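**Student:** The structure's right below; bear with me while I get my questions together.
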Amino acid sequence: MTEEAQRVIDAMDAVEAMTDPQQRALAIGEVMADQARRAPRWRELRRQVVLDMRAQTPPVSYRRIAAALGVSLATVQDIERGYTGSGRNRPRAKGGQGD
């Protein structure tokens with residue numbers, strides 16, 4: 001795990017360990033609100049890395065990107081396609097059942 005990610009996780013652990021329930025709830029809300037604002041930008045930053053790696057000559061394989069980013073091969077493909085959220089939000093494949 002990167003040092004930066006570990007610091008963020010440690011800070012979230014500290015919020016969970018707050019003894020005053022109201023202050024803890026306030027802090028949780030503040031962190032969740034920031035995360036909601038930040039998430040689209042962070043998704044795009046991560047997507048750009050995938051797109052840049054795939055644009056290399058020769059393109060970096062999905063498996064190598066997955067290993068480098070610590071995610072599954074399917075997640076790399078989803079990131080490249082710009083998919084977010086659960087599988088229920090994916091466009092249906094053409095020619096599949098129900099088409």
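Chains: A, B, ... in order of the structure tokens. Residues: from 1 per chain. Ligands: from 1, in order shown.
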Using only C-alpha atoms, which protein or nucleic acid residues come within 10 Å of Ala74 (chain A)? Drop anything in the same chain fewer than 6 positions from it, and give the result as JSON, numbers by chain.
**Tutor:** {"A": [62, 63, 66, 80]}
**Student:** Would you write out those residues with N, CA and C atoms, as a tab-separated table (two decimals), in the first residue's frame?
**Tutor:**
chain	number	residue	atom	x	y	z
A	62	TYR	N	-4.05	-5.36	-20.49
A	62	TYR	CA	-4.98	-5.16	-19.38
A	62	TYR	C	-4.44	-5.83	-18.11
A	63	ARG	N	-3.85	-7.00	-18.26
A	63	ARG	CA	-3.31	-7.72	-17.09
A	63	ARG	C	-2.19	-6.93	-16.41
A	66	ALA	N	-3.76	-3.97	-14.67
A	66	ALA	CA	-4.44	-4.44	-13.46
A	66	ALA	C	-3.44	-4.67	-12.33
A	80	GLU	N	-11.47	1.81	-18.49
A	80	GLU	CA	-11.19	2.27	-19.84
A	80	GLU	C	-12.48	2.70	-20.55
**Student:** At what distance in Å, to one decimal, does CA of Val8 (chain A) lie from CA of Arg24 (chain A)?
**Tutor:**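 These atoms are spaced 16.3 Å apart.
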**Student:** Have a look at A:Leu73, A:Met1, A:Ala27, A:Ile65 and name the one nearest to Val49 (chain A); count only C-alpha atoms.
**Tutor:**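 Using only C-alpha atoms, Val49 (chain A) sits closest to A:Ile65.
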**Student:** In Å, rounded to a single decimal, give me how far CA of Thr2 (chain A) is from CA of Leu51 (chain A).
**Tutor:** 21.9 Å
**Student:** Quick one: distance from CA of Arg81 (chain A) to CA of Gln35 (chain A) in Å, one decimal?
**Tutor:**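 Going from CA of Arg81 (chain A) over to CA of Gln35 (chain A) covers 22.3 Å.
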**Student:** Quick one: DSSP alpha helix (DSSP H) residues in chain A, as an MDAnalysis selection string?
**Tutor:** chainID A and resid 3:16 21:55 62:69 73:81
